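For reference, run_20.pdb is printed below; it contains PDB, C-alpha atoms.
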```pdb
ATOM      1  CA  MET A   1       5.596   5.727  -3.775
ATOM      2  CA  GLY A   2       8.421   6.657  -6.107
ATOM      3  CA  GLY A   3       9.609  10.154  -5.229
ATOM      4  CA  GLY A   4      12.736   9.487  -3.224
ATOM      5  CA  ALA A   5      12.855   5.762  -3.944
ATOM      6  CA  LEU A   6      13.183   6.240  -7.707
ATOM      7  CA  MET A   7      14.154   9.837  -8.430
ATOM      8  CA  THR A   8      17.093  10.132  -6.051
ATOM      9  CA  PRO A   9      19.048   7.093  -7.316
ATOM     10  CA  MET A  10      18.285   8.077 -10.919
ATOM     11  CA  LEU A  11      19.633  11.579 -10.298
ATOM     12  CA  ILE A  12      22.822  10.047  -8.879
ATOM     13  CA  PHE A  13      23.381   7.246 -11.410
ATOM     14  CA  VAL A  14      21.920   8.641 -14.640
ATOM     15  CA  PHE A  15      22.415  12.392 -14.304
ATOM     16  CA  LYS A  16      25.553  12.229 -12.092
ATOM     17  CA  VAL A  17      24.134  14.688  -9.544
ATOM     18  CA  ASP A  18      25.949  15.108  -6.233
ATOM     19  CA  PRO A  19      24.259  12.776  -3.671
ATOM     20  CA  LEU A  20      23.382  15.491  -1.154
ATOM     21  CA  MET A  21      22.029  17.777  -3.892
ATOM     22  CA  ALA A  22      19.919  14.902  -5.224
ATOM     23  CA  VAL A  23      18.443  14.222  -1.785
ATOM     24  CA  SER A  24      17.864  17.929  -1.009
ATOM     25  CA  SER A  25      16.204  18.739  -4.338
ATOM     26  CA  ASP A  26      14.058  15.611  -4.294
ATOM     27  CA  VAL A  27      12.790  16.325  -0.760
ATOM     28  CA  VAL A  28      11.755  19.866  -1.696
ATOM     29  CA  ALA A  29      10.102  18.652  -4.926
ATOM     30  CA  SER A  30       8.090  16.033  -3.042
ATOM     31  CA  LEU A  31       6.689  18.762  -0.780
ATOM     32  CA  PHE A  32       4.725  20.053  -3.789
ATOM     33  CA  MET A  33       3.588  16.585  -4.903
ATOM     34  CA  LYS A  34       2.253  15.184  -1.602
ATOM     35  CA  PRO A  35      -0.751  17.518  -1.077
ATOM     36  CA  ALA A  36      -2.579  16.406  -4.248
ATOM     37  CA  GLY A  37      -3.270  12.893  -2.987
ATOM     38  CA  ALA A  38      -3.744  14.067   0.594
ATOM     39  CA  ILE A  39      -6.535  16.479  -0.382
ATOM     40  CA  VAL A  40      -8.436  13.669  -2.108
ATOM     41  CA  HIS A  41      -8.268  11.479   1.004
ATOM     42  CA  LEU A  42      -9.262  14.343   3.303
ATOM     43  CA  ARG A  43     -12.345  15.004   1.173
ATOM     44  CA  ARG A  44     -13.255  11.314   1.262
ATOM     45  CA  ARG A  45     -12.674  11.205   5.037
ATOM     46  CA  THR A  46     -10.230   8.319   4.787
ATOM     47  CA  VAL A  47      -7.699   9.942   7.143
ATOM     48  CA  ASN A  48      -7.283   9.184  10.851
ATOM     49  CA  LEU A  49      -6.331  12.667  12.059
ATOM     50  CA  ARG A  50      -5.468  11.522  15.597
ATOM     51  CA  LEU A  51      -2.984   9.034  14.186
ATOM     52  CA  VAL A  52      -1.576  11.758  11.909
ATOM     53  CA  GLY A  53      -1.041  13.989  14.934
ATOM     54  CA  TRP A  54       0.909  11.394  16.921
ATOM     55  CA  LEU A  55       3.031  10.466  13.901
ATOM     56  CA  CYS A  56       3.920  14.141  13.367
ATOM     57  CA  VAL A  57       5.008  14.525  16.993
ATOM     58  CA  GLY A  58       7.914  12.216  16.175
ATOM     59  CA  SER A  59       8.425  12.809  12.460
ATOM     60  CA  VAL A  60       8.612  16.615  12.237
ATOM     61  CA  PRO A  61      11.551  17.195  14.622
ATOM     62  CA  ALA A  62      13.270  13.996  13.457
ATOM     63  CA  ALA A  63      13.071  15.014   9.781
ATOM     64  CA  PHE A  64      14.728  18.367  10.496
ATOM     65  CA  SER A  65      17.306  16.675  12.725
ATOM     66  CA  GLY A  66      18.149  14.149  10.007
ATOM     67  CA  VAL A  67      19.513  16.935   7.797
ATOM     68  CA  LEU A  68      21.559  18.344  10.688
ATOM     69  CA  LEU A  69      22.880  14.871  11.437
ATOM     70  CA  LEU A  70      24.201  14.561   7.897
ATOM     71  CA  ARG A  71      26.050  17.852   8.257
ATOM     72  CA  LEU A  72      27.346  17.437  11.818
ATOM     73  CA  LEU A  73      28.732  13.892  11.677
ATOM     74  CA  PRO A  74      32.473  13.909  10.858
ATOM     75  CA  PHE A  75      32.395  12.073   7.549
ATOM     76  CA  GLY A  76      35.128  14.199   5.970
ATOM     77  CA  ASP A  77      36.038  13.245   2.418
ATOM     78  CA  GLY A  78      33.748  10.230   2.589
ATOM     79  CA  PHE A  79      30.594  12.362   2.953
ATOM     80  CA  ASP A  80      29.163  11.565  -0.494
ATOM     81  CA  ALA A  81      29.893   7.876  -0.022
ATOM     82  CA  THR A  82      28.104   7.932   3.339
ATOM     83  CA  VAL A  83      25.013   9.542   1.800
ATOM     84  CA  LYS A  84      25.005   6.851  -0.903
ATOM     85  CA  VAL A  85      25.231   4.030   1.647
ATOM     86  CA  ALA A  86      22.452   5.539   3.780
ATOM     87  CA  LEU A  87      20.260   5.929   0.692
ATOM     88  CA  GLY A  88      21.023   2.363  -0.429
ATOM     89  CA  ALA A  89      20.074   0.950   2.982
ATOM     90  CA  ALA A  90      16.794   2.903   2.875
ATOM     91  CA  LEU A  91      16.005   1.554  -0.610
ATOM     92  CA  LEU A  92      16.656  -2.034   0.501
ATOM     93  CA  LEU A  93      14.360  -1.461   3.469
ATOM     94  CA  ALA A  94      11.711  -0.040   1.118
ATOM     95  CA  SER A  95      12.002  -3.099  -1.144
ATOM     96  CA  VAL A  96      11.419  -5.425   1.805
ATOM     97  CA  GLY A  97       8.550  -3.193   2.903
ATOM     98  CA  LEU A  98       6.747  -3.626  -0.417
ATOM     99  CA  VAL A  99       6.899  -7.402  -0.094
ATOM    100  CA  VAL A 100       5.752  -7.382   3.539
ATOM    101  CA  ARG A 101       2.908  -5.011   2.704
ATOM    102  CA  ALA A 102       1.596  -7.271  -0.072
ATOM    103  CA  VAL A 103       1.735 -10.366   2.169
ATOM    104  CA  LEU A 104      -0.070  -8.506   4.965
ATOM    105  CA  GLN A 105      -2.796  -7.425   2.560
ATOM    106  CA  MET A 106      -3.256 -10.993   1.308
ATOM    107  CA  ALA A 107      -3.464 -12.143   4.921
ATOM    108  CA  ARG A 108      -6.350  -9.674   5.302
ATOM    109  CA  LEU A 109      -8.145 -11.563   2.480
ATOM    110  CA  GLN A 110      -7.386  -9.071  -0.283
ATOM    111  CA  PRO A 111      -6.905 -10.728  -3.707
ATOM    112  CA  LEU A 112      -3.284 -10.735  -4.901
ATOM    113  CA  GLY A 113      -2.365  -8.190  -2.242
ATOM    114  CA  GLU A 114      -4.660  -5.605  -3.820
ATOM    115  CA  GLY A 115      -8.198  -4.328  -3.486
ATOM    116  CA  PRO A 116     -10.256  -2.849  -0.676
ATOM    117  CA  ALA A 117      -9.854  -3.977   2.882
ATOM    118  CA  ALA A 118     -12.566  -5.792   4.758
ATOM    119  CA  PRO A 119     -15.018  -3.576   6.640
ATOM    120  CA  SER A 120     -13.630  -2.462   9.979
ATOM    121  CA  SER A 121     -14.647  -0.546  13.051
ATOM    122  CA  PRO A 122     -14.216   3.238  12.778
ATOM    123  CA  ASP A 123     -12.896   3.335  16.349
ATOM    124  CA  VAL A 124      -9.153   2.651  16.478
ATOM    125  CA  THR A 125      -7.264   2.765  19.767
ATOM    126  CA  ILE A 126      -4.133   4.859  19.216
ATOM    127  CA  ARG A 127      -0.867   3.674  20.786
ATOM    128  CA  PRO A 128       1.006   6.972  21.323
ATOM    129  CA  VAL A 129       4.526   5.802  22.232
ATOM    130  CA  PRO A 130       5.140   3.316  19.374
ATOM    131  CA  THR A 131       3.373   5.675  16.957
ATOM    132  CA  VAL A 132       5.661   8.576  17.898
ATOM    133  CA  MET A 133       8.683   6.260  17.570
ATOM    134  CA  LEU A 134       7.509   5.201  14.093
ATOM    135  CA  GLY A 135       7.147   8.854  13.097
ATOM    136  CA  ALA A 136      10.635   9.631  14.391
ATOM    137  CA  LEU A 137      12.183   6.755  12.430
ATOM    138  CA  ALA A 138      10.419   7.759   9.211
ATOM    139  CA  GLY A 139      11.343  11.421   9.703
ATOM    140  CA  LEU A 140      14.995  10.611  10.290
ATOM    141  CA  LEU A 141      15.129   8.455   7.149
ATOM    142  CA  VAL A 142      13.449  11.113   5.009
ATOM    143  CA  GLY A 143      15.708  13.870   6.328
ATOM    144  CA  MET A 144      18.854  11.874   5.567
ATOM    145  CA  THR A 145      17.870  10.000   2.393
ATOM    146  CA  SER A 146      14.481  11.359   1.104
ATOM    147  CA  VAL A 147      13.173   7.742   1.370
ATOM    148  CA  GLY A 148      10.989   6.333   4.110
ATOM    149  CA  ALA A 149       7.692   8.186   4.444
ATOM    150  CA  GLY A 150       5.473   5.911   2.346
ATOM    151  CA  SER A 151       7.504   2.715   2.196
ATOM    152  CA  ILE A 152       8.134   2.402   5.942
ATOM    153  CA  VAL A 153       5.115   4.062   7.567
ATOM    154  CA  ILE A 154       2.461   2.156   5.605
ATOM    155  CA  VAL A 155       3.932  -1.265   6.435
ATOM    156  CA  VAL A 156       4.264  -0.575  10.164
ATOM    157  CA  ILE A 157       0.800   1.016  10.386
ATOM    158  CA  LEU A 158      -0.637  -2.162   8.820
ATOM    159  CA  LEU A 159       1.059  -4.149  11.592
ATOM    160  CA  MET A 160       0.175  -1.779  14.443
ATOM    161  CA  TYR A 161      -3.402  -0.948  13.421
ATOM    162  CA  PRO A 162      -4.892  -3.913  11.510
ATOM    163  CA  ALA A 163      -8.423  -2.541  12.070
ATOM    164  CA  LEU A 164      -7.770   0.352   9.674
ATOM    165  CA  LYS A 165      -9.079   0.022   6.130
ATOM    166  CA  ALA A 166      -6.549   0.084   3.297
ATOM    167  CA  SER A 167      -7.809   3.498   2.156
ATOM    168  CA  GLN A 168      -7.404   4.846   5.694
ATOM    169  CA  VAL A 169      -3.824   3.589   5.883
ATOM    170  CA  VAL A 170      -2.878   5.281   2.604
ATOM    171  CA  GLY A 171      -4.763   8.484   3.406
ATOM    172  CA  THR A 172      -3.239   8.763   6.862
ATOM    173  CA  ASP A 173       0.251   8.197   5.478
ATOM    174  CA  LEU A 174      -0.184  10.836   2.752
ATOM    175  CA  VAL A 175      -1.439  13.502   5.157
ATOM    176  CA  GLN A 176       1.235  12.896   7.802
ATOM    177  CA  ALA A 177       3.892  13.044   5.085
ATOM    178  CA  ILE A 178       3.151  16.719   4.351
ATOM    179  CA  PRO A 179       4.467  18.198   7.641
ATOM    180  CA  LEU A 180       7.203  15.550   7.676
ATOM    181  CA  VAL A 181       8.470  16.519   4.217
ATOM    182  CA  GLY A 182       7.945  20.194   5.075
ATOM    183  CA  ALA A 183      10.314  19.926   8.039
ATOM    184  CA  ALA A 184      12.843  17.975   5.970
ATOM    185  CA  SER A 185      12.568  20.559   3.170
ATOM    186  CA  LEU A 186      13.260  23.405   5.590
ATOM    187  CA  GLY A 187      16.313  21.561   6.866
ATOM    188  CA  HIS A 188      17.650  20.968   3.359
ATOM    189  CA  LEU A 189      16.992  24.583   2.346
ATOM    190  CA  LEU A 190      19.018  25.776   5.344
ATOM    191  CA  TYR A 191      21.718  23.115   5.657
ATOM    192  CA  GLY A 192      21.530  20.881   2.576
ATOM    193  CA  ASP A 193      22.572  21.425  -1.028
ATOM    194  CA  PHE A 194      19.272  22.521  -2.594
ATOM    195  CA  SER A 195      19.239  23.368  -6.311
ATOM    196  CA  LEU A 196      16.327  25.501  -7.536
ATOM    197  CA  GLY A 197      16.952  24.621 -11.186
ATOM    198  CA  LEU A 198      17.056  20.878 -10.499
ATOM    199  CA  THR A 199      13.918  20.999  -8.331
ATOM    200  CA  THR A 200      12.026  23.043 -10.939
ATOM    201  CA  SER A 201      12.987  20.550 -13.653
ATOM    202  CA  LEU A 202      11.752  17.669 -11.485
ATOM    203  CA  LEU A 203       8.418  19.393 -10.859
ATOM    204  CA  ILE A 204       7.893  20.195 -14.550
ATOM    205  CA  GLY A 205       8.053  16.466 -15.247
ATOM    206  CA  ALA A 206       6.471  15.257 -12.002
ATOM    207  CA  ILE A 207       3.186  17.161 -12.208
ATOM    208  CA  PRO A 208       2.015  15.748 -15.582
ATOM    209  CA  GLY A 209       3.690  12.455 -14.666
ATOM    210  CA  ALA A 210       1.570  12.197 -11.514
ATOM    211  CA  TRP A 211      -1.572  12.776 -13.568
ATOM    212  CA  LEU A 212      -0.546  10.147 -16.123
ATOM    213  CA  GLY A 213       0.353   7.710 -13.355
ATOM    214  CA  ALA A 214      -3.102   8.145 -11.830
ATOM    215  CA  GLN A 215      -4.669   7.210 -15.177
ATOM    216  CA  VAL A 216      -2.429   4.158 -15.658
ATOM    217  CA  SER A 217      -2.777   2.930 -12.077
ATOM    218  CA  SER A 218      -6.506   2.479 -12.536
ATOM    219  CA  LYS A 219      -5.876  -0.061 -15.322
ATOM    220  CA  ALA A 220      -2.453  -1.635 -14.666
ATOM    221  CA  PRO A 221      -2.254  -4.762 -12.450
ATOM    222  CA  GLY A 222      -1.082  -3.356  -9.121
ATOM    223  CA  GLY A 223       0.618  -6.574  -8.028
ATOM    224  CA  LEU A 224       2.824  -6.685 -11.138
ATOM    225  CA  VAL A 225       3.760  -3.003 -10.774
ATOM    226  CA  ARG A 226       4.780  -3.475  -7.149
ATOM    227  CA  ARG A 227       6.852  -6.574  -7.898
ATOM    228  CA  ALA A 228       8.744  -4.698 -10.617
ATOM    229  CA  LEU A 229       9.238  -1.767  -8.268
ATOM    230  CA  ALA A 230      10.543  -4.040  -5.489
ATOM    231  CA  ILE A 231      13.163  -5.535  -7.853
ATOM    232  CA  LEU A 232      14.171  -2.076  -9.073
ATOM    233  CA  LEU A 233      14.601  -0.827  -5.493
ATOM    234  CA  LEU A 234      16.607  -3.943  -4.623
ATOM    235  CA  ALA A 235      19.004  -3.373  -7.520
ATOM    236  CA  SER A 236      19.377   0.354  -6.817
ATOM    237  CA  GLY A 237      19.942  -0.231  -3.115
ATOM    238  CA  LEU A 238      22.598  -2.898  -3.667
ATOM    239  CA  ARG A 239      24.437  -0.670  -6.145
ATOM    240  CA  LEU A 240      24.381   2.305  -3.779
ATOM    241  CA  VAL A 241      25.876   0.308  -0.899
ATOM    242  CA  GLY A 242      28.765  -0.733  -3.158
ATOM    243  CA  VAL A 243      27.838  -4.196  -4.444
ATOM    244  CA  PRO A 244      29.562  -4.958  -7.805
ATOM    245  CA  LEU A 245      27.392  -4.595 -10.899
ATOM    246  CA  GLY A 246      27.576  -8.313 -11.745
ATOM    247  CA  TRP A 247      26.241  -9.310  -8.330
ATOM    248  CA  VAL A 248      23.523  -6.663  -8.598
ATOM    249  CA  ALA A 249      22.352  -8.109 -11.930
ATOM    250  CA  ALA A 250      22.434 -11.649 -10.536
ATOM    251  CA  SER A 251      20.445 -10.590  -7.471
ATOM    252  CA  ALA A 252      17.825  -8.865  -9.629
ATOM    253  CA  VAL A 253      17.394 -11.913 -11.863
ATOM    254  CA  SER A 254      17.213 -14.218  -8.826
ATOM    255  CA  ALA A 255      14.610 -11.987  -7.230
ATOM    256  CA  LEU A 256      12.603 -11.963 -10.455
ATOM    257  CA  VAL A 257      12.592 -15.782 -10.737
ATOM    258  CA  LEU A 258      12.458 -16.871  -7.093
ATOM    259  CA  GLY A 259      10.210 -13.979  -6.122
ATOM    260  CA  ASN A 260       7.514 -15.042  -8.588
ATOM    261  CA  VAL A 261       7.737 -18.663  -7.420
ATOM    262  CA  LEU A 262       7.386 -17.635  -3.772
ATOM    263  CA  TRP A 263       4.595 -15.213  -4.695
ATOM    264  CA  ILE A 264       2.578 -18.021  -6.314
ATOM    265  CA  ALA A 265       3.146 -20.239  -3.274
ATOM    266  CA  VAL A 266       2.054 -17.533  -0.827
ATOM    267  CA  ARG A 267      -0.975 -16.658  -2.968
ATOM    268  CA  ARG A 268      -2.062 -20.312  -3.045
ATOM    269  CA  ARG A 269      -1.525 -20.561   0.702
ATOM    270  CA  PHE A 270      -3.899 -17.694   1.433
ATOM    271  CA  SER A 271      -6.327 -18.650  -1.334
ATOM    272  CA  ALA A 272      -6.657 -22.122   0.182
ATOM    273  CA  THR A 273      -7.471 -20.734   3.641
ATOM    274  CA  PRO A 274     -11.229 -21.122   4.156
ATOM    275  CA  PRO A 275     -13.090 -18.097   5.530
ATOM    276  CA  GLU A 276     -14.034 -18.170   9.185
ATOM    277  CA  SER A 277     -17.455 -19.649   9.748
ATOM    278  CA  PRO A 278     -19.814 -17.776  12.072
ATOM    279  CA  ARG A 279     -19.961 -18.990  15.633
ATOM    280  CA  PRO A 280     -23.146 -20.836  16.600
ATOM    281  CA  ALA A 281     -25.702 -18.856  18.538
ATOM    282  CA  SER A 282     -26.057 -19.438  22.229
ATOM    283  CA  PRO A 283     -29.067 -18.747  24.510
ATOM    284  CA  ASP A 284     -27.497 -15.528  25.793
ATOM    285  CA  ARG A 285     -26.176 -14.520  22.337
ATOM    286  CA  PRO A 286     -29.033 -14.813  19.790
ATOM    287  CA  ALA A 287     -28.267 -15.060  16.093
ATOM    288  CA  THR A 288     -28.421 -11.936  13.952
ATOM    289  CA  LYS A 289     -29.773 -11.624  10.417
ATOM    290  CA  ASP A 290     -26.334 -11.962   8.809
ATOM    291  CA  GLY A 291     -25.589 -15.230  10.590
ATOM    292  CA  GLY A 292     -23.483 -13.830  13.399
ATOM    293  CA  THR A 293     -24.363 -13.334  17.016
ATOM    294  CA  ALA A 294     -25.632 -10.278  18.739
TER     295      ALA A 294
END
```

Please lay out the structure from this file as structure tokens.
Amino acid sequence: MGGGALMTPMLIFVFKVDPLMAVSSDVVASLFMKPAGAIVHLRRRTVNLRLVGWLCVGSVPAAFSGVLLLRLLPFGDGFDATVKVALGAALLLASVGLVVRAVLQMARLQPLGEGPAAPSSPDVTIRPVPTVMLGALAGLLVGMTSVGAGSIVIVVILLMYPALKASQVVGTDLVQAIPLVGAASLGHLLYGDFSLGLTTSLLIGAIPGAWLGAQVSSKAPGGLVRRALAILLLASGLRLVGVPLGWVAASAVSALVLGNVLWIAVRRRFSATPPESPRPASPDRPATKDGGTA
């Protein structure tokens, strides 16, 4: 995570890039960054291709339509302001998604919201209608704001398909994001405000940055990184929707203090939950070697 969630607001606030140009250029740049992680997961077979297919049924047309929607709606002189508000709302949603994702992972007995998931069955029953709707929502968000693929899809997949391992959730999300971002990129190339120079500059920094990030991520505490990212997204989102700078700073500080207190409380809550004990064997269900029942 970080492409649209971090680069787009930085392009707007720090480099004073036009909002639509920032979204368009970031979407196209992310198209070249997504395949690297996806290839790794495909090689390791941590991708549910059936789930990818159903997600793409909704996400691909919705991503292209999101760009058209930006252009067709009669915003008039307030177009840039509308793009900023839409982007801010997406960032706030992404911030909430990070928190929900960590709590869900702790509920699945992962330490501090990190680490591998418990072993699960390889057979997952796909729910086509809600999966297509999830893909459509993520595609629409990406097409309009460049945010939504990773932050939204991963959280909802964790809720919809709890039997999936953590690696399968991430791998599936990365692979489905490629056609999603491809459709959004085509829309922005045709109807957006794409800048080749800006996109090239982003890629020159993003490619070595992705490699460096992979090295750091193997050593940095993931929970701390995600908490910092959630606060950063909260502050950026509030600023984009028009909240005064003083209130943004106060909200960030409050989130930093209260968020850590709540995090400790939630961590203790799940740490204190004893693991489920195996059910006693019955005459028609003999005990197995690992203590369970056949």

Would you mind listing what lies within 7 Å of stretch 237-247 of chain A as a PyMOL selection string, with only C-alpha atoms counted and same-chain residues fewer than 5 positions away left out?
chain A and resi 84-85+88-89+91-92

Gap from atom CA of A:Gly53 to atom CA of A:Val142 - Å, one decimal
17.8 Å

Hey, what comes out of the PyMOL selection byres ((chain A and resi 186-200) around 12) on this file? Could you write it as a CSV table (one decimal) with C-alpha atoms, in the frame of the given file?
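To be explicit, this is the file written out as out_27.csv:
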```csv
chain,number,residue,atom,x,y,z
A,7,MET,CA,14.2,9.8,-8.4
A,8,THR,CA,17.1,10.1,-6.1
A,11,LEU,CA,19.6,11.6,-10.3
A,15,PHE,CA,22.4,12.4,-14.3
A,17,VAL,CA,24.1,14.7,-9.5
A,18,ASP,CA,25.9,15.1,-6.2
A,19,PRO,CA,24.3,12.8,-3.7
A,20,LEU,CA,23.4,15.5,-1.2
A,21,MET,CA,22.0,17.8,-3.9
A,22,ALA,CA,19.9,14.9,-5.2
A,23,VAL,CA,18.4,14.2,-1.8
A,24,SER,CA,17.9,17.9,-1.0
A,25,SER,CA,16.2,18.7,-4.3
A,26,ASP,CA,14.1,15.6,-4.3
A,27,VAL,CA,12.8,16.3,-0.8
A,28,VAL,CA,11.8,19.9,-1.7
A,29,ALA,CA,10.1,18.7,-4.9
A,30,SER,CA,8.1,16.0,-3.0
A,31,LEU,CA,6.7,18.8,-0.8
A,32,PHE,CA,4.7,20.1,-3.8
A,33,MET,CA,3.6,16.6,-4.9
A,60,VAL,CA,8.6,16.6,12.2
A,61,PRO,CA,11.6,17.2,14.6
A,62,ALA,CA,13.3,14.0,13.5
A,63,ALA,CA,13.1,15.0,9.8
A,64,PHE,CA,14.7,18.4,10.5
A,65,SER,CA,17.3,16.7,12.7
A,66,GLY,CA,18.1,14.1,10.0
A,67,VAL,CA,19.5,16.9,7.8
A,68,LEU,CA,21.6,18.3,10.7
A,69,LEU,CA,22.9,14.9,11.4
A,70,LEU,CA,24.2,14.6,7.9
A,71,ARG,CA,26.0,17.9,8.3
A,72,LEU,CA,27.3,17.4,11.8
A,80,ASP,CA,29.2,11.6,-0.5
A,83,VAL,CA,25.0,9.5,1.8
A,139,GLY,CA,11.3,11.4,9.7
A,140,LEU,CA,15.0,10.6,10.3
A,142,VAL,CA,13.4,11.1,5.0
A,143,GLY,CA,15.7,13.9,6.3
A,144,MET,CA,18.9,11.9,5.6
A,145,THR,CA,17.9,10.0,2.4
A,146,SER,CA,14.5,11.4,1.1
A,179,PRO,CA,4.5,18.2,7.6
A,180,LEU,CA,7.2,15.6,7.7
A,181,VAL,CA,8.5,16.5,4.2
A,182,GLY,CA,7.9,20.2,5.1
A,183,ALA,CA,10.3,19.9,8.0
A,184,ALA,CA,12.8,18.0,6.0
A,185,SER,CA,12.6,20.6,3.2
A,201,SER,CA,13.0,20.6,-13.7
A,202,LEU,CA,11.8,17.7,-11.5
A,203,LEU,CA,8.4,19.4,-10.9
A,204,ILE,CA,7.9,20.2,-14.6
A,205,GLY,CA,8.1,16.5,-15.2
A,206,ALA,CA,6.5,15.3,-12.0
A,207,ILE,CA,3.2,17.2,-12.2
```

Just the residues within 6 Å of A:Thr172, please, counting only C-alpha atoms, with nothing from its chain fewer than 4 positions along; format it as a count of residues only.
3

The PyMOL selection byres ((chain A and resi 52) around 12) on the file shown: which residues, as a PyMOL selection string?
chain A and resi 38+42+46-51+53-60+126+128+131-132+134-135+153+157+168-180

Preceding selection exported with C-alpha atoms as an mmCIF file, in the frame of the given file:
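Writing done, so here's out-v4.cif:
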```cif
data_model
loop_
_atom_site.group_PDB
_atom_site.id
_atom_site.type_symbol
_atom_site.label_atom_id
_atom_site.label_comp_id
_atom_site.auth_asym_id
_atom_site.auth_seq_id
_atom_site.Cartn_x
_atom_site.Cartn_y
_atom_site.Cartn_z
ATOM 1 C CA ALA A 38 -3.744 14.067 0.594
ATOM 2 C CA LEU A 42 -9.262 14.343 3.303
ATOM 3 C CA THR A 46 -10.230 8.319 4.787
ATOM 4 C CA VAL A 47 -7.699 9.942 7.143
ATOM 5 C CA ASN A 48 -7.283 9.184 10.851
ATOM 6 C CA LEU A 49 -6.331 12.667 12.059
ATOM 7 C CA ARG A 50 -5.468 11.522 15.597
ATOM 8 C CA LEU A 51 -2.984 9.034 14.186
ATOM 9 C CA GLY A 53 -1.041 13.989 14.934
ATOM 10 C CA TRP A 54 0.909 11.394 16.921
ATOM 11 C CA LEU A 55 3.031 10.466 13.901
ATOM 12 C CA CYS A 56 3.920 14.141 13.367
ATOM 13 C CA VAL A 57 5.008 14.525 16.993
ATOM 14 C CA GLY A 58 7.914 12.216 16.175
ATOM 15 C CA SER A 59 8.425 12.809 12.460
ATOM 16 C CA VAL A 60 8.612 16.615 12.237
ATOM 17 C CA ILE A 126 -4.133 4.859 19.216
ATOM 18 C CA PRO A 128 1.006 6.972 21.323
ATOM 19 C CA THR A 131 3.373 5.675 16.957
ATOM 20 C CA VAL A 132 5.661 8.576 17.898
ATOM 21 C CA LEU A 134 7.509 5.201 14.093
ATOM 22 C CA GLY A 135 7.147 8.854 13.097
ATOM 23 C CA VAL A 153 5.115 4.062 7.567
ATOM 24 C CA ILE A 157 0.800 1.016 10.386
ATOM 25 C CA GLN A 168 -7.404 4.846 5.694
ATOM 26 C CA VAL A 169 -3.824 3.589 5.883
ATOM 27 C CA VAL A 170 -2.878 5.281 2.604
ATOM 28 C CA GLY A 171 -4.763 8.484 3.406
ATOM 29 C CA THR A 172 -3.239 8.763 6.862
ATOM 30 C CA ASP A 173 0.251 8.197 5.478
ATOM 31 C CA LEU A 174 -0.184 10.836 2.752
ATOM 32 C CA VAL A 175 -1.439 13.502 5.157
ATOM 33 C CA GLN A 176 1.235 12.896 7.802
ATOM 34 C CA ALA A 177 3.892 13.044 5.085
ATOM 35 C CA ILE A 178 3.151 16.719 4.351
ATOM 36 C CA PRO A 179 4.467 18.198 7.641
ATOM 37 C CA LEU A 180 7.203 15.550 7.676
#
```

Evaluate the PyMOL selection byres ((chain A and resi 230) around 12) against this structure - the residues, as a PyMOL selection string, please.
chain A and resi 1-2+5-6+91-102+151+223-229+231-237+252+255-256+259-260

Quick one: pull the distance between atom CA of A:Leu164 and atom CA of A:Ala136, Å, one decimal.
21.1 Å

With distances taken over all atoms listed in the file, which residue among A:Leu141, A:Arg267, A:Thr82, A:His41 lies nearest A:Ala166?
A:His41
